[in-house]
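Below is structure-v6.txt, holding compact mmCIF, C-alpha atoms.
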```
# COMPACT_ATOMS: atom_id res chain seq x y z
CA MET K 1183 -36.47 -1.50 4.33
CA GLU K 1184 -35.51 -2.09 7.97
CA LYS K 1185 -35.77 -5.85 7.51
CA THR K 1186 -33.50 -5.69 4.49
CA LYS K 1187 -30.89 -3.71 6.41
CA GLU K 1188 -31.07 -6.15 9.31
CA ARG K 1189 -30.58 -9.11 6.96
CA GLU K 1190 -27.55 -7.48 5.36
CA LYS K 1191 -25.99 -6.84 8.77
CA LYS K 1192 -26.14 -10.56 9.51
CA MET K 1193 -24.46 -11.65 6.26
CA ILE K 1194 -21.26 -13.59 7.04
CA PRO K 1195 -18.09 -11.74 5.96
CA LEU K 1196 -16.01 -13.46 3.27
CA PHE K 1197 -12.25 -12.80 3.12
CA LEU K 1198 -10.69 -13.62 -0.25
CA SER K 1199 -6.98 -13.67 -1.02
CA ASP K 1200 -4.90 -13.79 -4.15
CA LEU K 1201 -2.09 -16.36 -4.01
CA ASP K 1202 1.16 -15.58 -5.82
CA GLY K 1203 2.82 -12.50 -4.38
CA THR K 1204 0.07 -12.12 -1.78
CA LEU K 1205 -0.58 -15.20 0.35
CA ILE K 1206 2.46 -17.11 -0.90
CA HIS K 1207 5.94 -16.03 -1.89
CA GLU K 1208 6.36 -16.75 -5.59
CA GLU K 1209 9.63 -18.64 -5.18
CA SER K 1210 8.88 -20.73 -2.09
CA ALA K 1211 5.12 -21.22 -2.65
CA MET K 1212 4.69 -21.26 1.13
CA ILE K 1213 2.28 -19.48 3.46
CA SER K 1214 3.76 -17.74 6.51
CA SER K 1215 2.85 -19.03 9.97
CA ASP K 1216 1.38 -15.61 10.83
CA ASP K 1217 -0.92 -15.69 7.81
CA VAL K 1218 -1.98 -19.28 8.58
CA GLN K 1219 -2.83 -18.42 12.17
CA GLU K 1220 -4.88 -15.36 11.22
CA ILE K 1221 -6.82 -17.29 8.59
CA LYS K 1222 -7.65 -19.94 11.20
CA ASN K 1223 -8.62 -17.26 13.74
CA TRP K 1224 -10.89 -15.70 11.10
CA GLN K 1225 -12.66 -18.99 10.39
CA LYS K 1226 -12.92 -19.86 14.10
CA GLN K 1227 -15.03 -16.73 14.50
CA GLY K 1228 -17.47 -18.18 11.99
CA TYR K 1229 -16.31 -16.06 9.05
CA LEU K 1230 -15.65 -17.36 5.52
CA PHE K 1231 -12.33 -17.65 3.67
CA GLY K 1232 -11.40 -18.36 0.08
CA LEU K 1233 -8.88 -17.83 -2.71
CA VAL K 1234 -9.06 -15.90 -5.97
CA THR K 1235 -6.10 -16.89 -8.09
CA GLY K 1236 -4.66 -17.79 -11.45
CA ARG K 1237 -3.70 -21.19 -10.04
CA ASP K 1238 -5.80 -24.32 -10.59
CA ARG K 1239 -8.02 -25.97 -7.98
CA VAL K 1240 -5.72 -28.95 -7.33
CA PHE K 1241 -2.79 -26.67 -6.54
CA CYS K 1242 -4.96 -24.57 -4.21
CA MET K 1243 -6.37 -27.55 -2.32
CA ASN K 1244 -2.98 -29.25 -1.95
CA LEU K 1245 -1.49 -26.01 -0.64
CA LEU K 1246 -4.25 -25.32 1.88
CA ASN K 1247 -4.42 -28.95 3.02
CA ARG K 1248 -0.76 -28.66 3.98
CA TYR K 1249 -1.77 -26.02 6.53
CA GLU K 1250 -5.08 -27.66 7.50
CA ILE K 1251 -7.09 -24.79 6.04
CA VAL K 1252 -10.46 -25.66 4.49
CA PRO K 1253 -11.60 -22.97 2.02
CA ASP K 1254 -15.25 -22.02 1.72
CA CYS K 1255 -14.82 -21.02 -1.92
CA LEU K 1256 -12.26 -20.89 -4.71
CA ILE K 1257 -12.04 -18.77 -7.84
CA THR K 1258 -9.29 -20.31 -9.94
CA CYS K 1259 -7.66 -19.95 -13.37
CA ASN K 1260 -8.14 -16.15 -13.25
CA GLY K 1261 -11.89 -16.44 -12.99
CA ALA K 1262 -12.49 -19.32 -15.39
CA MET K 1263 -13.51 -21.73 -12.61
CA THR K 1264 -15.63 -20.95 -9.54
CA PHE K 1265 -16.21 -23.33 -6.63
CA TRP K 1266 -18.34 -23.13 -3.49
CA LYS K 1267 -17.26 -25.76 -0.96
CA ASP K 1268 -16.70 -28.87 -3.12
CA HIS K 1269 -19.04 -27.91 -5.94
CA ARG K 1270 -18.17 -26.22 -9.22
CA ILE K 1271 -20.76 -23.51 -9.71
CA ASP K 1272 -19.42 -21.91 -12.89
CA ALA K 1273 -16.95 -22.59 -15.70
CA SER K 1274 -15.96 -20.10 -18.39
CA LEU K 1275 -13.91 -22.12 -20.86
CA ILE K 1276 -12.04 -21.30 -24.05
CA ASP K 1277 -13.71 -23.21 -26.90
CA LEU K 1278 -11.55 -26.16 -27.87
CA SER K 1279 -11.26 -25.07 -31.50
CA VAL K 1280 -10.19 -21.56 -30.44
CA ALA K 1281 -7.63 -23.00 -28.02
CA LYS K 1282 -6.13 -25.24 -30.70
CA ASN K 1283 -5.77 -22.30 -33.10
CA ILE K 1284 -4.02 -20.23 -30.42
CA LEU K 1285 -1.65 -23.08 -29.61
CA LYS K 1286 -0.82 -23.47 -33.29
CA GLU K 1287 0.19 -19.79 -33.37
CA LEU K 1288 2.22 -20.20 -30.17
CA GLU K 1289 4.29 -22.99 -31.75
CA THR K 1290 6.24 -20.32 -33.64
CA TYR K 1291 7.41 -18.84 -30.30
CA LEU K 1292 8.78 -22.00 -28.71
CA ASP K 1293 12.33 -20.70 -28.80
CA THR K 1294 11.45 -18.26 -25.99
CA ILE K 1295 8.28 -19.57 -24.26
CA ASP K 1296 6.74 -22.79 -22.94
CA PRO K 1297 2.93 -22.88 -23.25
CA PHE K 1298 1.03 -25.50 -21.24
CA PHE K 1299 -2.37 -26.50 -19.92
CA THR K 1300 -3.22 -27.70 -16.41
CA ALA K 1301 -5.95 -30.34 -16.47
CA GLU K 1302 -8.63 -30.79 -13.81
CA ASP K 1303 -6.61 -33.48 -12.02
CA GLY K 1304 -3.63 -31.12 -11.68
CA SER K 1305 -1.49 -32.71 -14.40
CA ASN K 1306 0.35 -30.33 -16.74
CA TYR K 1307 0.65 -30.85 -20.50
CA PHE K 1308 3.22 -28.83 -22.44
CA LEU K 1309 3.04 -27.79 -26.07
CA ARG K 1310 6.72 -28.54 -26.64
CA GLU K 1311 7.28 -32.14 -27.77
CA ASP K 1312 11.02 -32.34 -28.40
CA ASP K 1313 12.41 -32.45 -24.85
CA PRO K 1314 9.94 -33.88 -22.28
CA LYS K 1315 12.67 -34.75 -19.74
CA ARG K 1316 13.93 -31.17 -19.71
CA ILE K 1317 10.36 -29.89 -19.32
CA GLN K 1318 9.70 -32.25 -16.40
CA LYS K 1319 12.87 -31.14 -14.63
CA GLU K 1320 12.49 -27.39 -15.28
CA PHE K 1321 8.83 -27.26 -14.29
CA ALA K 1322 8.84 -29.80 -11.47
CA TYR K 1323 7.58 -27.05 -9.14
CA LEU K 1324 4.21 -27.17 -10.93
CA GLY K 1325 3.57 -30.67 -9.66
CA TRP K 1326 2.67 -33.43 -12.10
CA VAL K 1327 4.26 -32.71 -15.51
CA ARG K 1328 3.24 -35.28 -18.09
CA GLU K 1329 5.52 -36.61 -20.84
CA GLU K 1330 2.51 -36.70 -23.17
CA SER K 1331 2.40 -33.47 -25.18
CA LEU K 1332 -0.47 -31.01 -25.06
CA LYS K 1333 -1.29 -31.60 -28.74
CA THR K 1334 -1.60 -35.33 -28.14
CA TYR K 1335 -3.69 -34.80 -25.01
CA LEU K 1336 -6.12 -32.48 -26.80
CA LYS K 1337 -6.92 -35.13 -29.43
CA SER K 1338 -9.07 -36.95 -26.89
CA ARG K 1339 -10.39 -33.94 -24.94
CA THR K 1340 -13.95 -32.78 -25.60
CA GLU K 1341 -14.35 -29.95 -23.06
CA GLY K 1342 -12.85 -26.48 -23.52
CA LEU K 1343 -9.84 -25.14 -21.60
CA ALA K 1344 -10.02 -22.99 -18.48
CA LYS K 1345 -6.80 -21.24 -19.44
CA ILE K 1346 -3.60 -21.53 -21.45
CA SER K 1347 -0.51 -20.74 -19.39
CA ILE K 1348 2.64 -19.37 -20.99
CA ALA K 1349 5.95 -19.58 -19.13
CA ALA K 1350 7.71 -16.57 -20.63
CA LYS K 1351 10.80 -17.17 -18.45
CA SER K 1352 11.66 -13.51 -17.86
CA LEU K 1353 10.09 -10.13 -17.20
CA GLU K 1354 11.64 -8.86 -20.43
CA ASN K 1355 9.86 -11.56 -22.44
CA VAL K 1356 6.56 -10.77 -20.71
CA GLN K 1357 6.88 -7.07 -21.48
CA ARG K 1358 7.78 -7.80 -25.10
CA LEU K 1359 5.24 -10.53 -25.81
CA LEU K 1360 2.19 -9.39 -23.83
CA PRO K 1361 1.16 -6.54 -26.17
CA GLU K 1362 1.98 -8.70 -29.19
CA PHE K 1363 -0.26 -11.54 -27.97
CA GLN K 1364 -3.02 -9.12 -26.96
CA GLU K 1365 -3.05 -7.73 -30.49
CA LYS K 1366 -2.85 -11.18 -32.09
CA PHE K 1367 -5.43 -12.99 -29.92
CA THR K 1368 -8.31 -10.53 -29.79
CA ASN K 1369 -10.97 -13.23 -29.27
CA VAL K 1370 -9.66 -14.13 -25.78
CA GLU K 1371 -8.32 -12.40 -22.66
CA VAL K 1372 -4.51 -12.18 -22.49
CA MET K 1373 -3.00 -11.01 -19.20
CA THR K 1374 0.14 -11.19 -17.11
CA THR K 1375 -0.20 -12.86 -13.73
CA SER K 1376 3.38 -12.68 -12.47
CA LYS K 1377 6.80 -11.45 -13.52
CA ASP K 1378 7.36 -14.33 -15.95
CA TYR K 1379 3.93 -15.71 -16.86
CA ILE K 1380 1.29 -14.76 -19.42
CA GLU K 1381 -2.12 -16.42 -19.27
CA ILE K 1382 -5.01 -16.69 -21.71
CA THR K 1383 -8.66 -17.15 -20.73
CA ARG K 1384 -12.01 -16.90 -22.46
CA LYS K 1385 -13.11 -13.44 -23.58
CA ALA K 1386 -14.55 -11.30 -20.76
CA THR K 1387 -13.36 -13.82 -18.17
CA ASN K 1388 -11.55 -12.38 -15.16
CA LYS K 1389 -11.71 -12.41 -11.37
CA ALA K 1390 -14.56 -9.89 -11.25
CA HIS K 1391 -16.60 -11.94 -13.74
CA ALA K 1392 -16.27 -14.96 -11.46
CA MET K 1393 -17.08 -12.88 -8.38
CA THR K 1394 -20.38 -11.83 -9.95
CA LYS K 1395 -21.24 -15.49 -10.50
CA LEU K 1396 -20.33 -16.33 -6.91
CA ILE K 1397 -22.38 -13.46 -5.48
CA ASP K 1398 -25.41 -14.44 -7.54
CA HIS K 1399 -25.13 -18.15 -6.78
CA GLN K 1400 -24.74 -17.74 -2.99
CA ASN K 1401 -26.78 -14.55 -2.64
CA LEU K 1402 -23.80 -12.81 -1.05
CA ASN K 1403 -23.63 -9.18 0.03
CA SER K 1404 -20.73 -7.57 -1.86
CA LYS K 1405 -20.23 -5.13 1.04
CA GLU K 1406 -19.26 -8.10 3.22
CA ILE K 1407 -16.61 -9.38 0.80
CA ILE K 1408 -12.98 -8.45 1.52
CA PHE K 1409 -10.26 -8.99 -1.07
CA ILE K 1410 -6.47 -8.69 -1.00
CA GLY K 1411 -4.16 -8.91 -4.01
CA ASP K 1412 -1.06 -7.48 -5.64
CA GLY K 1413 -1.23 -7.91 -9.42
CA SER K 1414 -2.69 -6.33 -12.52
CA ASN K 1415 -5.15 -9.23 -12.84
CA ASP K 1416 -6.55 -8.18 -9.42
CA ILE K 1417 -7.57 -4.72 -10.63
CA PRO K 1418 -11.07 -5.80 -11.79
CA LEU K 1419 -11.82 -6.97 -8.24
CA PHE K 1420 -10.27 -3.87 -6.65
CA ASP K 1421 -12.59 -1.77 -8.81
CA MET K 1422 -15.64 -3.96 -8.15
CA LEU K 1423 -15.53 -4.35 -4.37
CA GLU K 1424 -15.65 -1.72 -1.62
CA CYS K 1425 -13.37 -3.42 0.92
CA THR K 1426 -10.00 -4.09 -0.70
CA TYR K 1427 -6.38 -4.41 0.41
CA VAL K 1428 -3.25 -4.32 -1.70
CA MET K 1429 0.26 -5.51 -0.86
CA ARG K 1430 2.71 -2.66 -0.33
CA HIS K 1431 5.18 -4.17 -2.80
CA ALA K 1432 2.68 -3.77 -5.67
CA SER K 1433 3.34 -1.09 -8.27
CA ASP K 1434 1.85 2.40 -7.95
CA ALA K 1435 -0.45 1.67 -10.90
CA ILE K 1436 -1.98 -1.26 -9.01
CA ARG K 1437 -1.97 0.17 -5.48
CA LYS K 1438 -4.12 3.14 -6.47
CA HIS K 1439 -7.06 0.80 -7.20
CA ALA K 1440 -7.30 -0.62 -3.65
CA GLN K 1441 -8.64 1.01 -0.50
CA TRP K 1442 -5.85 0.10 1.95
CA GLU K 1443 -2.20 -1.00 1.80
CA VAL K 1444 -0.76 -3.76 4.01
CA SER K 1445 2.43 -5.79 4.28
CA ASN K 1446 0.78 -9.20 4.47
CA VAL K 1447 -2.52 -11.06 4.63
CA ALA K 1448 -2.37 -11.38 8.42
CA GLU K 1449 -2.33 -7.60 8.80
CA ALA K 1450 -5.46 -7.26 6.65
CA ILE K 1451 -7.33 -10.00 8.51
CA ARG K 1452 -6.45 -8.48 11.89
CA LYS K 1453 -7.77 -5.11 10.75
CA GLU K 1454 -11.04 -6.74 9.68
CA ARG K 1455 -11.40 -8.77 12.87
CA GLU K 1456 -10.76 -5.71 15.05
CA SER K 1457 -13.37 -3.69 13.17
CA ARG K 1458 -16.18 -6.21 13.83
```

Could you quickly redo this structure as structure tokens?
Amino acid sequence: MEKTKEREKKMIPLFLSDLDGTLIHEESAMISSDDVQEIKNWQKQGYLFGLVTGRDRVFCMNLLNRYEIVPDCLITCNGAMTFWKDHRIDASLIDLSVAKNILKELETYLDTIDPFFTAEDGSNYFLREDDPKRIQKEFAYLGWVREESLKTYLKSRTEGLAKISIAAKSLENVQRLLPEFQEKFTNVEVMTTSKDYIEITRKATNKAHAMTKLIDHQNLNSKEIIFIGDGSNDIPLFDMLECTYVMRHASDAIRKHAQWEVSNVAEAIRKERESR
């Protein structure tokens, strides 16, 4: 028993952060200099750092490379993809046939939404086929938006999809469509990840699901994992882990699930560094 306790004491702490609304501002997609410095200070002490986000791996790596931050792990696409260092250790994908049926249903909503899929290379394929130039201009912030439609792209794809993203374009559309899609698509997970996005993943796939895979694969001690987030898709992790922080701007319904409230990631990291 004593040896077990001693081993757990020596486990390296892992600090994990959500992205949108937590580590980056949703409109600027930038990380503050204070947050960058604290992340680097954390890693300089020999501790681990990673992201848990709805974003894809290419977006995460491009963002962190900009600030010369090298993540130890990534949980992306709301838990559908899990990476340790440069290796994918788990993938929970929507079956291709299921994804195609969902997209066929979503075609009837194209007057108010823009569904798309982000491929492994970071390129984005949209379901809408009638106005590719408008799509490329409107969604340029996503990175590489392909003129080829999602339906055309899927004809040659053999692997399932990590997630289907839906640009709902407004909070009102999200609030109206989310319960409708949750009732319609019962064989998958349907969640909101920001004020104007709805995302679909494989059934029972979420950030906590991926965290379980990561813990098992790396033999991590869950008591040495710290997480900070701000959204409803972070609640499974807030409920799973003991050491959790929530952004003060989050709603009351979300804040009650976390242990502490902070204004930014840097504040949470400083608290953790000072306590060790």

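In this structure, CA of His1439 in chain K sits 9.9 Å away from CA of Met1422 in chain K.
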
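With only C-alpha atoms as the atoms that count, the minimum distance from Glu1406 in chain K to the choices K:Glu1443, K:Glu1302, K:Glu1454, K:Glu1341 is reached by K:Glu1454.
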
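The gap separating CA of Ile1348 in chain K from CA of Cys1255 in chain K is 25.9 Å, in Å to one decimal.
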
Gap from CA of Leu1396 in chain K to CA of Asn1415 in chain K - Å, one decimal = 17.8 Å

How would you write as a VMD selection string the residues that get within 6 Å of (-1.3, -5.9, 2.8) in the file's frame, counting all atoms listed in the file?
-> chain K and resid 1427 to 1429 1443 to 1447 1450

Once you've located range 1206-1333 of chain K in the structure I gave, write it as a tab-separated table (two decimals), in the first residue's frame, keeping C-alpha atoms.
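File written: decode21.tsv
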```
chain	number	residue	atom	x	y	z
K	1206	ILE	CA	-8.78	31.28	-27.04
K	1207	HIS	CA	-11.30	34.03	-27.63
K	1208	GLU	CA	-13.91	32.71	-30.04
K	1209	GLU	CA	-13.67	35.67	-32.41
K	1210	SER	CA	-9.92	36.22	-32.53
K	1211	ALA	CA	-8.81	32.57	-32.08
K	1212	MET	CA	-5.73	33.87	-30.25
K	1213	ILE	CA	-4.08	32.88	-26.98
K	1214	SER	CA	-3.17	35.69	-24.57
K	1215	SER	CA	0.50	36.32	-23.79
K	1216	ASP	CA	-0.19	35.64	-20.10
K	1217	ASP	CA	-1.69	32.23	-20.86
K	1218	VAL	CA	1.19	31.37	-23.21
K	1219	GLN	CA	3.79	32.26	-20.59
K	1220	GLU	CA	2.10	30.25	-17.85
K	1221	ILE	CA	1.77	27.19	-20.10
K	1222	LYS	CA	5.49	27.42	-20.88
K	1223	ASN	CA	6.33	27.88	-17.18
K	1224	TRP	CA	4.23	24.80	-16.41
K	1225	GLN	CA	6.05	22.66	-18.96
K	1226	LYS	CA	9.47	24.01	-17.92
K	1227	GLN	CA	8.80	22.54	-14.48
K	1228	GLY	CA	8.47	19.14	-16.13
K	1229	TYR	CA	4.67	19.02	-16.03
K	1230	LEU	CA	2.43	17.94	-18.93
K	1231	PHE	CA	0.04	20.07	-21.01
K	1232	GLY	CA	-2.66	19.25	-23.53
K	1233	LEU	CA	-5.94	20.30	-25.11
K	1234	VAL	CA	-9.44	18.84	-24.92
K	1235	THR	CA	-11.54	20.46	-27.60
K	1236	GLY	CA	-14.13	20.19	-30.32
K	1237	ARG	CA	-11.53	21.41	-32.81
K	1238	ASP	CA	-9.55	19.07	-35.06
K	1239	ARG	CA	-5.90	18.13	-34.59
K	1240	VAL	CA	-4.56	20.24	-37.48
K	1241	PHE	CA	-6.18	23.38	-36.07
K	1242	CYS	CA	-4.79	22.64	-32.61
K	1243	MET	CA	-1.24	21.99	-33.83
K	1244	ASN	CA	-1.19	25.06	-36.08
K	1245	LEU	CA	-2.43	27.22	-33.21
K	1246	LEU	CA	0.07	25.91	-30.66
K	1247	ASN	CA	2.96	26.01	-33.13
K	1248	ARG	CA	2.31	29.72	-33.53
K	1249	TYR	CA	3.19	30.15	-29.86
K	1250	GLU	CA	5.95	27.50	-29.80
K	1251	ILE	CA	3.95	25.27	-27.47
K	1252	VAL	CA	4.37	21.51	-27.91
K	1253	PRO	CA	1.40	19.59	-26.44
K	1254	ASP	CA	1.89	16.27	-24.70
K	1255	CYS	CA	-1.60	15.11	-25.65
K	1256	LEU	CA	-4.69	16.17	-27.58
K	1257	ILE	CA	-8.32	15.13	-27.30
K	1258	THR	CA	-10.03	16.54	-30.37
K	1259	CYS	CA	-13.43	16.50	-32.12
K	1260	ASN	CA	-15.23	16.40	-28.73
K	1261	GLY	CA	-13.60	13.14	-27.75
K	1262	ALA	CA	-13.68	11.34	-31.08
K	1263	MET	CA	-9.90	11.47	-31.53
K	1264	THR	CA	-7.24	11.01	-28.85
K	1265	PHE	CA	-3.51	11.60	-29.33
K	1266	TRP	CA	-0.48	11.11	-27.09
K	1267	LYS	CA	2.52	13.00	-28.46
K	1268	ASP	CA	2.35	12.32	-32.23
K	1269	HIS	CA	0.45	9.04	-32.01
K	1270	ARG	CA	-3.28	8.49	-32.36
K	1271	ILE	CA	-4.25	6.16	-29.54
K	1272	ASP	CA	-8.02	6.06	-30.05
K	1273	ALA	CA	-10.65	6.97	-32.64
K	1274	SER	CA	-14.40	6.84	-32.07
K	1275	LEU	CA	-15.91	7.42	-35.51
K	1276	ILE	CA	-19.44	7.74	-36.84
K	1277	ASP	CA	-20.04	4.85	-39.25
K	1278	LEU	CA	-19.92	6.12	-42.80
K	1279	SER	CA	-23.40	4.85	-43.64
K	1280	VAL	CA	-24.85	6.53	-40.52
K	1281	ALA	CA	-23.08	9.79	-41.38
K	1282	LYS	CA	-24.43	9.77	-44.93
K	1283	ASN	CA	-28.00	9.25	-43.68
K	1284	ILE	CA	-27.64	12.15	-41.24
K	1285	LEU	CA	-26.28	14.42	-43.96
K	1286	LYS	CA	-29.19	13.49	-46.21
K	1287	GLU	CA	-31.57	14.63	-43.47
K	1288	LEU	CA	-29.58	17.83	-42.95
K	1289	GLU	CA	-29.99	18.77	-46.62
K	1290	THR	CA	-33.54	19.87	-45.83
K	1291	TYR	CA	-32.17	22.51	-43.41
K	1292	LEU	CA	-29.70	24.21	-45.74
K	1293	ASP	CA	-31.68	27.43	-45.74
K	1294	THR	CA	-30.53	28.07	-42.15
K	1295	ILE	CA	-27.41	25.92	-41.51
K	1296	ASP	CA	-24.14	24.89	-43.15
K	1297	PRO	CA	-23.04	21.34	-42.24
K	1298	PHE	CA	-19.43	20.35	-42.95
K	1299	PHE	CA	-16.72	17.82	-42.17
K	1300	THR	CA	-13.08	18.54	-41.33
K	1301	ALA	CA	-10.78	15.88	-42.75
K	1302	GLU	CA	-7.58	14.63	-41.12
K	1303	ASP	CA	-5.43	17.03	-43.16
K	1304	GLY	CA	-7.45	20.02	-41.91
K	1305	SER	CA	-9.41	20.60	-45.12
K	1306	ASN	CA	-13.13	21.38	-44.74
K	1307	TYR	CA	-15.84	19.94	-46.99
K	1308	PHE	CA	-19.30	21.52	-46.94
K	1309	LEU	CA	-22.60	19.83	-47.67
K	1310	ARG	CA	-23.87	22.81	-49.66
K	1311	GLU	CA	-22.99	22.53	-53.36
K	1312	ASP	CA	-24.64	25.58	-54.93
K	1313	ASP	CA	-22.31	28.39	-53.80
K	1314	PRO	CA	-18.72	27.22	-53.10
K	1315	LYS	CA	-17.22	30.72	-53.48
K	1316	ARG	CA	-19.56	32.12	-50.83
K	1317	ILE	CA	-18.74	29.21	-48.53
K	1318	GLN	CA	-14.99	29.74	-48.97
K	1319	LYS	CA	-15.30	33.44	-48.18
K	1320	GLU	CA	-17.69	33.09	-45.21
K	1321	PHE	CA	-15.77	30.27	-43.57
K	1322	ALA	CA	-12.22	31.34	-44.41
K	1323	TYR	CA	-11.49	31.46	-40.66
K	1324	LEU	CA	-11.67	27.64	-40.58
K	1325	GLY	CA	-8.58	27.37	-42.75
K	1326	TRP	CA	-8.66	25.29	-45.91
K	1327	VAL	CA	-12.22	25.25	-47.33
K	1328	ARG	CA	-12.47	22.99	-50.37
K	1329	GLU	CA	-14.64	23.71	-53.42
K	1330	GLU	CA	-15.37	19.98	-53.66
K	1331	SER	CA	-18.63	19.23	-51.84
K	1332	LEU	CA	-18.89	16.90	-48.88
K	1333	LYS	CA	-21.13	14.49	-50.80
```
